[in-house]
Amino acid sequence: MAQFSFSEESLRALALDALALAKRGGATACEVDVSESLGQSVTVRKGEVETIEFTHDKGLGVTVYLGKRRGHASSADFSPASLSATIEAALAIARHTMEDDCAGLPDADDLARNWPELDLYHPWEISSEEAIELARRCEAAAFDANPAIVNSEGATVSTSAAHFVFANSEGFLGGFPSTRHFIGCTPIAAHGADMQRDDWYSMHRDPHDLASPEAVGAYAAMRAASRLSARKLSTRQCRVMFEAPLATGLIASFVHAASGGSLYRKASFLYGALGARIFPAWMRIEEAPHLSKGLASAPFDDEGVATHARCIVADGVLQGYFLSTYTARKLGMKTTGNAGGSHNLLVSPHPDAPADFAGLLKEFGTGLLVTELLGHGINYVTGDYSRGAAGFWVENGEIAYPVQEITIAGNLKEMFAGIEMIGRDRVTRGSRTVGSIVVNRMTVAGA
């Protein structure tokens, strides 16, 4: 894959030029983000190349303040004329914007000044031909793994790299390069008229950390074939286990409810819950923004605020929210360095959790194992939760049969308090790492 067209020095120069232009234009404060990204993605379906995509993008975003008035503009053109026009556009917007007492740059004391090397940049020098071969190997492994695999939505291999510089008029200037690489496959299994699909993928900063294409394809095939001959369940209440990839979604729901944007609008069932026990007493969630090679690692957030390792949940008690400078001011609090989102949330397993997923199933006993969720039926004001689902019915610690066309329902506040077990089968999806989560009771609506 080609290297960057712009050096770090040139991005820094553009950012500093923008700050100077904004100041000359009358801005009382300014922040600038300048970035470049490039990527390659290939998809193979049934052994044939379906798509080859190359991307190469750049962008500049400018936010200016005229006192407590804010304006923002952006451009993909780095020319001097475009830079000047972008600044003027941001200033024009600020002049016509209402004042907001919470608007403005972070306090200087909150900005990062020194930061560790996080090992986030590992370019993958792979040609299109080599990527196609990897994708073919991945898909072929899916077909070879199980005779029930009769079709495929394809296997994809992608690689991307980006670098940026962020600067503001408080003297912050920083940036770093990063990479992200992916191998995934979506096979289709069939038995008579019944057809089922599933997928699996591996994503890392360093291509050497990726699972082999054969392992990804074979596991995706096993998942798809295991869903054949699925049944409906009768409506009932039962224990529910969210498989680890879906458990990361439960933690994402917690993050959404505990984020400043939801809280200051009072659009969250966790409003006012700081210091309250919302999870079981054994549960712990930590934020580790400086994790080497972490998919959500960053030495500073989107505003240049320093990130710090912290405990979000200890002994089941909510210790902190996820706040940007603006949302923190709206709540009368301090920023937590979470402008742009959370950083590497690590959810600890239950201290007595079995060593593996098979052991977790045995401990689970009888109930519903959910491996797919459909729809977005979550009301964050009340916590009401209702999603279409598919998965497996478990009897006496063993998978009995696959199920589909059901709905699971509950309330997030009650679901969080009712977590009985978190497994050691941890996976990372985005900024969240967690094992399978067992909830004590939910309503399953079926036939």
# chains A, B, ... in the order shown; residues from 1 in each chain; ligands from 1
$ residues_around --residues "Arg441 in chain A" --least-positions-apart "2" --cutoff "7 Å" --atoms "only C-alpha atoms" --output "list in words"
Gln237, Cys238, Arg239, Val240 and Val439 of chain A
$ write_last_selection --atoms "N, CA and C atoms" --output "mmCIF file, in the first residue's frame"
data_model
loop_
_atom_site.group_PDB
_atom_site.id
_atom_site.type_symbol
_atom_site.label_atom_id
_atom_site.label_comp_id
_atom_site.auth_asym_id
_atom_site.auth_seq_id
_atom_site.Cartn_x
_atom_site.Cartn_y
_atom_site.Cartn_z
ATOM 1 N N GLN A 237 -40.113 -16.567 30.309
ATOM 2 C CA GLN A 237 -39.065 -15.826 30.992
ATOM 3 C C GLN A 237 -37.961 -16.806 31.363
ATOM 4 N N CYS A 238 -36.714 -16.409 31.137
ATOM 5 C CA CYS A 238 -35.604 -17.331 31.384
ATOM 6 C C CYS A 238 -34.295 -16.564 31.515
ATOM 7 N N ARG A 239 -33.249 -17.286 31.897
ATOM 8 C CA ARG A 239 -31.911 -16.713 31.903
ATOM 9 C C ARG A 239 -31.463 -16.528 30.448
ATOM 10 N N VAL A 240 -30.673 -15.492 30.228
ATOM 11 C CA VAL A 240 -30.173 -15.196 28.883
ATOM 12 C C VAL A 240 -28.673 -14.960 28.959
ATOM 13 N N VAL A 439 -27.436 -12.843 32.063
ATOM 14 C CA VAL A 439 -28.433 -12.033 32.758
ATOM 15 C C VAL A 439 -29.456 -12.974 33.392
#
$ select_by_dssp --residues "range 32-131 of chain A" --states "helix (DSSP H, G or I)" --output "ChimeraX atom specification"
/A:80-95,108-110,128-131
$ write_last_selection --atoms "C-alpha atoms" --output "PDB file, in the first residue's frame"
ATOM      1  CA  PRO A  80      -3.833  28.319   0.809  1.00  0.00           C
ATOM      2  CA  ALA A  81      -6.939  29.737  -0.847  1.00  0.00           C
ATOM      3  CA  SER A  82      -9.132  26.919   0.474  1.00  0.00           C
ATOM      4  CA  LEU A  83      -7.600  27.210   3.950  1.00  0.00           C
ATOM      5  CA  SER A  84      -8.438  30.904   4.025  1.00  0.00           C
ATOM      6  CA  ALA A  85     -11.978  30.275   2.761  1.00  0.00           C
ATOM      7  CA  THR A  86     -12.531  27.572   5.391  1.00  0.00           C
ATOM      8  CA  ILE A  87     -11.463  29.918   8.182  1.00  0.00           C
ATOM      9  CA  GLU A  88     -13.745  32.635   6.844  1.00  0.00           C
ATOM     10  CA  ALA A  89     -16.661  30.212   6.683  1.00  0.00           C
ATOM     11  CA  ALA A  90     -16.128  29.149  10.296  1.00  0.00           C
ATOM     12  CA  LEU A  91     -15.925  32.788  11.423  1.00  0.00           C
ATOM     13  CA  ALA A  92     -19.092  33.667   9.519  1.00  0.00           C
ATOM     14  CA  ILE A  93     -20.966  30.849  11.225  1.00  0.00           C
ATOM     15  CA  ALA A  94     -19.678  31.946  14.642  1.00  0.00           C
ATOM     16  CA  ARG A  95     -20.892  35.506  14.055  1.00  0.00           C
ATOM     17  CA  ALA A 108      -4.991  24.546  29.545  1.00  0.00           C
ATOM     18  CA  ASP A 109      -4.268  22.359  32.579  1.00  0.00           C
ATOM     19  CA  ASP A 110      -6.323  19.525  31.060  1.00  0.00           C
ATOM     20  CA  SER A 128      -3.926  -6.381  -4.153  1.00  0.00           C
ATOM     21  CA  GLU A 129      -2.915  -9.787  -5.493  1.00  0.00           C
ATOM     22  CA  GLU A 130      -1.687 -10.917  -2.083  1.00  0.00           C
ATOM     23  CA  ALA A 131      -4.847  -9.629  -0.385  1.00  0.00           C
TER      24      ALA A 131
END
$ residues_around --residues "range 295-303 of chain A" --least-positions-apart "3" --cutoff "9 Å" --atoms "only C-alpha atoms" --output "number ranges by chain"
A: 31, 33, 105-106, 111-112, 114-118, 120, 166-168, 174, 180, 203-205, 288-292, 306-308, 324-325, 337-345, 428-432
$ write_last_selection --atoms "N, CA and C atoms" --output "CSV table (one decimal), in the first residue's frame"
chain,number,residue,atom,x,y,z
A,31,GLU,N,-9.4,25.8,17.2
A,31,GLU,CA,-8.8,24.4,17.2
A,31,GLU,C,-8.9,23.9,15.8
A,33,ASP,N,-8.0,20.4,13.1
A,33,ASP,CA,-7.6,19.0,12.9
A,33,ASP,C,-7.3,18.8,11.5
A,105,LEU,N,-12.6,26.2,24.4
A,105,LEU,CA,-11.5,25.2,24.4
A,105,LEU,C,-11.4,24.6,25.8
A,106,PRO,N,-10.8,23.4,25.9
A,106,PRO,CA,-10.5,22.9,27.3
A,106,PRO,C,-9.6,23.8,28.1
A,111,LEU,N,-4.9,19.8,29.1
A,111,LEU,CA,-4.4,19.4,27.8
A,111,LEU,C,-3.2,18.5,28.0
A,112,ALA,N,-3.0,17.5,27.1
A,112,ALA,CA,-1.8,16.6,27.2
A,112,ALA,C,-0.6,17.4,26.8
A,114,ASN,N,2.8,15.7,27.5
A,114,ASN,CA,3.7,14.5,27.2
A,114,ASN,C,2.9,13.3,27.2
A,115,TRP,N,3.3,12.4,26.3
A,115,TRP,CA,2.5,11.1,26.2
A,115,TRP,C,3.3,10.0,25.8
A,116,PRO,N,2.9,8.8,26.1
A,116,PRO,CA,3.7,7.6,25.8
A,116,PRO,C,3.5,7.1,24.3
A,117,GLU,N,4.5,6.3,23.9
A,117,GLU,CA,4.4,5.7,22.6
A,117,GLU,C,3.5,4.5,22.7
A,118,LEU,N,2.4,4.4,21.9
A,118,LEU,CA,1.4,3.4,22.1
A,118,LEU,C,1.5,2.3,21.1
A,120,LEU,N,0.8,2.1,17.8
A,120,LEU,CA,-0.4,2.0,17.0
A,120,LEU,C,-0.2,1.9,15.5
A,166,PHE,N,-3.5,17.6,15.5
A,166,PHE,CA,-4.5,18.4,16.1
A,166,PHE,C,-3.8,19.6,16.9
A,167,ALA,N,-4.3,20.8,16.7
A,167,ALA,CA,-3.7,21.9,17.4
A,167,ALA,C,-4.8,22.9,17.9
A,168,ASN,N,-4.5,23.6,18.9
A,168,ASN,CA,-5.4,24.7,19.3
A,168,ASN,C,-4.6,25.9,19.8
A,174,GLY,N,-0.3,18.2,18.6
A,174,GLY,CA,0.1,16.8,18.6
A,174,GLY,C,-0.7,15.9,17.6
A,180,ARG,N,-5.1,-0.1,10.9
A,180,ARG,CA,-6.1,-1.1,11.3
A,180,ARG,C,-6.3,-2.1,10.1
A,203,MET,N,-9.5,-8.4,13.7
A,203,MET,CA,-9.1,-7.0,13.4
A,203,MET,C,-8.0,-6.6,14.4
A,204,HIS,N,-6.9,-6.1,13.9
A,204,HIS,CA,-5.9,-5.7,14.8
A,204,HIS,C,-5.1,-4.5,14.2
A,205,ARG,N,-4.3,-3.8,15.0
A,205,ARG,CA,-3.4,-2.8,14.6
A,205,ARG,C,-2.2,-3.3,13.8
A,288,ALA,N,-8.5,1.8,29.8
A,288,ALA,CA,-7.1,1.7,29.7
A,288,ALA,C,-6.7,2.4,28.4
A,289,PRO,N,-6.6,3.7,28.3
A,289,PRO,CA,-6.4,4.4,27.0
A,289,PRO,C,-5.0,4.3,26.5
A,290,HIS,N,-4.0,3.8,27.4
A,290,HIS,CA,-2.6,3.7,26.9
A,290,HIS,C,-2.2,2.2,26.7
A,291,LEU,N,-3.1,1.4,26.4
A,291,LEU,CA,-2.9,0.0,26.1
A,291,LEU,C,-2.1,-0.1,24.8
A,292,SER,N,-1.0,-0.8,24.8
A,292,SER,CA,-0.2,-0.9,23.6
A,292,SER,C,-0.9,-1.7,22.5
A,306,ALA,N,-5.6,15.2,27.9
A,306,ALA,CA,-4.9,14.0,28.3
A,306,ALA,C,-5.8,12.9,28.7
A,307,THR,N,-5.6,11.7,28.3
A,307,THR,CA,-6.3,10.5,28.7
A,307,THR,C,-5.5,9.9,29.9
A,308,HIS,N,-6.3,9.2,30.8
A,308,HIS,CA,-5.7,8.6,32.0
A,308,HIS,C,-6.4,7.3,32.2
A,324,SER,N,-16.8,15.0,27.6
A,324,SER,CA,-16.0,15.9,26.9
A,324,SER,C,-16.0,17.2,27.7
A,325,THR,N,-15.2,18.2,27.2
A,325,THR,CA,-15.2,19.5,27.9
A,325,THR,C,-16.6,20.2,27.9
A,337,GLY,N,-11.7,13.4,29.5
A,337,GLY,CA,-10.9,13.0,28.3
A,337,GLY,C,-11.6,12.0,27.4
A,338,ASN,N,-12.9,12.2,27.3
A,338,ASN,CA,-13.6,11.2,26.4
A,338,ASN,C,-14.3,11.9,25.3
A,339,ALA,N,-13.8,13.1,24.9
A,339,ALA,CA,-14.4,13.7,23.6
A,339,ALA,C,-14.0,12.7,22.5
A,340,GLY,N,-15.0,12.2,21.8
A,340,GLY,CA,-14.8,11.2,20.8
A,340,GLY,C,-15.1,9.8,21.2
A,341,GLY,N,-15.3,9.5,22.5
A,341,GLY,CA,-15.7,8.2,22.9
A,341,GLY,C,-14.8,7.6,24.0
A,342,SER,N,-15.1,6.4,24.3
A,342,SER,CA,-14.3,5.7,25.4
A,342,SER,C,-13.1,5.1,24.8
A,343,HIS,N,-12.2,4.7,25.7
A,343,HIS,CA,-10.9,4.2,25.3
A,343,HIS,C,-10.6,2.8,26.0
A,344,ASN,N,-10.7,1.7,25.2
A,344,ASN,CA,-10.3,0.4,25.7
A,344,ASN,C,-10.9,0.1,27.1
A,345,LEU,N,-12.2,-0.2,27.1
A,345,LEU,CA,-12.9,-0.6,28.3
A,345,LEU,C,-12.7,-2.1,28.5
A,428,THR,N,-12.6,-8.6,21.8
A,428,THR,CA,-12.5,-7.1,21.7
A,428,THR,C,-13.3,-6.7,20.4
A,429,ARG,N,-14.2,-5.8,20.6
A,429,ARG,CA,-15.0,-5.2,19.5
A,429,ARG,C,-14.9,-3.7,19.7
A,430,GLY,N,-14.2,-3.0,18.8
A,430,GLY,CA,-14.0,-1.6,19.0
A,430,GLY,C,-13.3,-1.3,20.3
A,431,SER,N,-13.9,-0.5,21.1
A,431,SER,CA,-13.3,0.0,22.4
A,431,SER,C,-13.6,-0.9,23.6
A,432,ARG,N,-14.3,-2.0,23.4
A,432,ARG,CA,-14.8,-2.8,24.5
A,432,ARG,C,-14.2,-4.2,24.5
$ closest_residue --among "A:Asp144, A:Asp100, A:Asp384, A:Glu363" --to "Ser268 in chain A" --atoms "only C-alpha atoms"
A:Asp384
$ closest_residue --among "A:His72, A:Arg12, A:Lys330, A:Arg227" --to "Val370 in chain A" --atoms "only C-alpha atoms"
A:Arg227
$ atom_distance --atom1 "CA of Asn411 in chain A" --atom2 "CA of Thr433 in chain A"
22.5 Å
$ residues_around --residues "Pro351 in chain A" --least-positions-apart "2" --cutoff "10 Å" --atoms "only C-alpha atoms" --output "number ranges by chain"
A: 282-283, 348-349, 353-354, 421-424
$ select_by_dssp --residues "range 136-233 of chain A" --states "strand (DSSP E or B)" --output "PyMOL selection string"
chain A and resi 149-168+173-174+177-191+194-197+200-204+231
$ write_last_selection --atoms "N, CA and C atoms" --output "compact mmCIF listing (two decimals), in the first residue's frame"
# COMPACT_ATOMS: atom_id res chain seq x y z
N ILE A 149 -21.94 -25.76 3.89
CA ILE A 149 -21.66 -24.43 3.34
C ILE A 149 -21.78 -24.52 1.82
N VAL A 150 -22.81 -23.86 1.29
CA VAL A 150 -23.10 -23.96 -0.15
C VAL A 150 -22.95 -22.63 -0.88
N ASN A 151 -22.82 -21.57 -0.12
CA ASN A 151 -22.72 -20.25 -0.76
C ASN A 151 -21.95 -19.32 0.19
N SER A 152 -21.76 -18.11 -0.27
CA SER A 152 -20.98 -17.17 0.51
C SER A 152 -21.34 -15.75 0.15
N GLU A 153 -21.35 -14.89 1.16
CA GLU A 153 -21.46 -13.47 0.90
C GLU A 153 -20.08 -12.85 0.70
N GLY A 154 -19.06 -13.68 0.80
CA GLY A 154 -17.72 -13.22 0.48
C GLY A 154 -16.78 -13.21 1.66
N ALA A 155 -15.50 -13.13 1.34
CA ALA A 155 -14.44 -12.93 2.33
C ALA A 155 -13.73 -11.64 1.97
N THR A 156 -13.38 -10.87 3.00
CA THR A 156 -12.79 -9.55 2.79
C THR A 156 -11.47 -9.43 3.54
N VAL A 157 -10.51 -8.83 2.89
CA VAL A 157 -9.24 -8.47 3.51
C VAL A 157 -9.05 -6.97 3.29
N SER A 158 -8.84 -6.24 4.37
CA SER A 158 -8.68 -4.79 4.21
C SER A 158 -7.56 -4.30 5.11
N THR A 159 -6.98 -3.19 4.72
CA THR A 159 -5.93 -2.54 5.49
C THR A 159 -6.09 -1.04 5.35
N SER A 160 -5.85 -0.32 6.45
CA SER A 160 -5.96 1.13 6.40
C SER A 160 -4.91 1.76 7.30
N ALA A 161 -4.53 2.96 6.93
CA ALA A 161 -3.55 3.72 7.70
C ALA A 161 -3.99 5.18 7.70
N ALA A 162 -3.71 5.87 8.79
CA ALA A 162 -4.09 7.27 8.90
C ALA A 162 -3.09 7.99 9.79
N HIS A 163 -2.96 9.28 9.57
CA HIS A 163 -2.24 10.12 10.52
C HIS A 163 -2.89 11.48 10.57
N PHE A 164 -2.68 12.17 11.68
CA PHE A 164 -3.35 13.46 11.86
C PHE A 164 -2.51 14.34 12.77
N VAL A 165 -2.84 15.61 12.74
CA VAL A 165 -2.29 16.58 13.69
C VAL A 165 -3.46 17.41 14.20
N PHE A 166 -3.49 17.58 15.51
CA PHE A 166 -4.51 18.42 16.15
C PHE A 166 -3.79 19.55 16.87
N ALA A 167 -4.31 20.77 16.74
CA ALA A 167 -3.68 21.91 17.38
C ALA A 167 -4.76 22.87 17.86
N ASN A 168 -4.45 23.61 18.92
CA ASN A 168 -5.37 24.67 19.34
C ASN A 168 -4.60 25.89 19.81
N LEU A 173 -0.28 20.95 20.41
CA LEU A 173 0.05 20.51 19.05
C LEU A 173 0.51 19.06 19.14
N GLY A 174 -0.27 18.17 18.57
CA GLY A 174 0.10 16.76 18.64
C GLY A 174 -0.65 15.93 17.63
N PRO A 177 0.35 8.53 13.89
CA PRO A 177 -0.18 7.64 12.86
C PRO A 177 -0.78 6.39 13.49
N SER A 178 -1.66 5.74 12.77
CA SER A 178 -2.25 4.49 13.26
C SER A 178 -2.66 3.63 12.07
N THR A 179 -2.81 2.35 12.32
CA THR A 179 -3.24 1.40 11.29
C THR A 179 -4.33 0.50 11.85
N ARG A 180 -5.06 -0.13 10.93
CA ARG A 180 -6.11 -1.08 11.29
C ARG A 180 -6.25 -2.07 10.13
N HIS A 181 -6.25 -3.37 10.47
CA HIS A 181 -6.27 -4.41 9.44
C HIS A 181 -7.35 -5.44 9.78
N PHE A 182 -7.89 -6.07 8.73
CA PHE A 182 -9.12 -6.87 8.90
C PHE A 182 -9.11 -8.06 7.96
N ILE A 183 -9.54 -9.22 8.50
CA ILE A 183 -9.86 -10.40 7.69
C ILE A 183 -11.21 -10.91 8.18
N GLY A 184 -12.18 -11.07 7.27
CA GLY A 184 -13.49 -11.54 7.66
C GLY A 184 -14.15 -12.38 6.58
N CYS A 185 -15.13 -13.18 6.99
CA CYS A 185 -15.81 -14.08 6.06
C CYS A 185 -17.25 -14.28 6.49
N THR A 186 -18.17 -14.38 5.50
CA THR A 186 -19.60 -14.59 5.77
C THR A 186 -20.12 -15.74 4.91
N PRO A 187 -20.02 -16.97 5.39
CA PRO A 187 -20.52 -18.11 4.62
C PRO A 187 -22.02 -18.34 4.83
N ILE A 188 -22.62 -19.08 3.91
CA ILE A 188 -24.04 -19.41 3.95
C ILE A 188 -24.18 -20.92 3.94
N ALA A 189 -24.91 -21.43 4.94
CA ALA A 189 -25.15 -22.87 5.05
C ALA A 189 -26.58 -23.19 4.61
N ALA A 190 -26.77 -24.41 4.10
CA ALA A 190 -28.11 -24.80 3.65
C ALA A 190 -28.38 -26.26 3.99
N HIS A 191 -29.65 -26.53 4.33
CA HIS A 191 -30.14 -27.89 4.51
C HIS A 191 -31.57 -27.90 3.99
N ASP A 194 -33.85 -24.67 4.10
CA ASP A 194 -33.36 -23.82 5.20
C ASP A 194 -31.98 -23.29 4.86
N MET A 195 -31.83 -21.97 4.95
CA MET A 195 -30.53 -21.35 4.70
C MET A 195 -30.20 -20.42 5.87
N GLN A 196 -28.94 -20.46 6.31
CA GLN A 196 -28.49 -19.62 7.41
C GLN A 196 -27.12 -19.03 7.07
N ARG A 197 -26.89 -17.83 7.57
CA ARG A 197 -25.60 -17.18 7.39
C ARG A 197 -25.04 -16.79 8.75
N TRP A 200 -17.51 -14.20 10.87
CA TRP A 200 -16.48 -14.01 11.88
C TRP A 200 -15.37 -13.15 11.27
N TYR A 201 -14.64 -12.45 12.13
CA TYR A 201 -13.55 -11.63 11.61
C TYR A 201 -12.47 -11.48 12.66
N SER A 202 -11.32 -11.02 12.19
CA SER A 202 -10.19 -10.68 13.05
C SER A 202 -9.73 -9.28 12.66
N MET A 203 -9.54 -8.41 13.66
CA MET A 203 -9.11 -7.04 13.39
C MET A 203 -8.04 -6.63 14.40
N HIS A 204 -6.94 -6.08 13.91
CA HIS A 204 -5.85 -5.66 14.79
C HIS A 204 -5.10 -4.48 14.18
N ARG A 231 -35.45 -23.38 15.41
CA ARG A 231 -36.86 -23.41 15.80
C ARG A 231 -37.25 -22.07 16.42
$ closest_residue --among "A:Met415, A:Val427, A:Ile312, A:Gly397" --to "Gly359 in chain A" --atoms "only C-alpha atoms"
A:Gly397
$ closest_residue --among "A:Asp206, A:Glu372, A:Glu9, A:Glu398" --to "Phe242 in chain A" --atoms "only C-alpha atoms"
A:Glu372
$ atom_distance --atom1 "CA of Glu414 in chain A" --atom2 "CA of Ala230 in chain A"
29.0 Å
$ closest_atom_pairs --of "range 372-420 of chain A" --to "range 254-266 of chain A" --cutoff "12 Å" --atoms "only C-alpha atoms" --output "tab-separated table"
residue	atom	partner	partner_atom	distance
A:Ile378	CA	A:Ala257	CA	10.7
A:Asn379	CA	A:Ala257	CA	10.0
A:Tyr380	CA	A:Ala257	CA	6.4
A:Val381	CA	A:Lys266	CA	7.6
A:Thr382	CA	A:Ala257	CA	10.3
A:Gly383	CA	A:Ala257	CA	8.7
A:Leu412	CA	A:Phe254	CA	8.3
A:Lys413	CA	A:Phe254	CA	9.3
A:Met415	CA	A:Phe254	CA	10.8
A:Phe416	CA	A:Phe254	CA	8.7
A:Ala417	CA	A:Phe254	CA	11.9
$ residues_around --residues "Arg277 in chain A" --least-positions-apart "2" --cutoff "8 Å" --atoms "only C-alpha atoms" --output "list in words"
Ala273, Gly275, Phe279, Pro280, Ala281, Asp315, Gly316, Val317 and Leu318 of chain A
$ residues_around --residues "Thr443 in chain A" --least-positions-apart "2" --cutoff "7 Å" --atoms "only C-alpha atoms" --output "MDAnalysis selection string"
chainID A and resid 236:238 408:410 445
$ write_last_selection --atoms "C-alpha atoms" --output "compact mmCIF listing (two decimals), in the first residue's frame"
# COMPACT_ATOMS: atom_id res chain seq x y z
CA ARG A 236 -41.31 -17.43 28.42
CA GLN A 237 -39.07 -15.83 30.99
CA CYS A 238 -35.60 -17.33 31.38
CA ILE A 408 -35.87 -10.60 23.97
CA ALA A 409 -37.08 -7.83 26.25
CA GLY A 410 -36.15 -6.30 29.57
CA ALA A 445 -41.32 -13.59 23.02
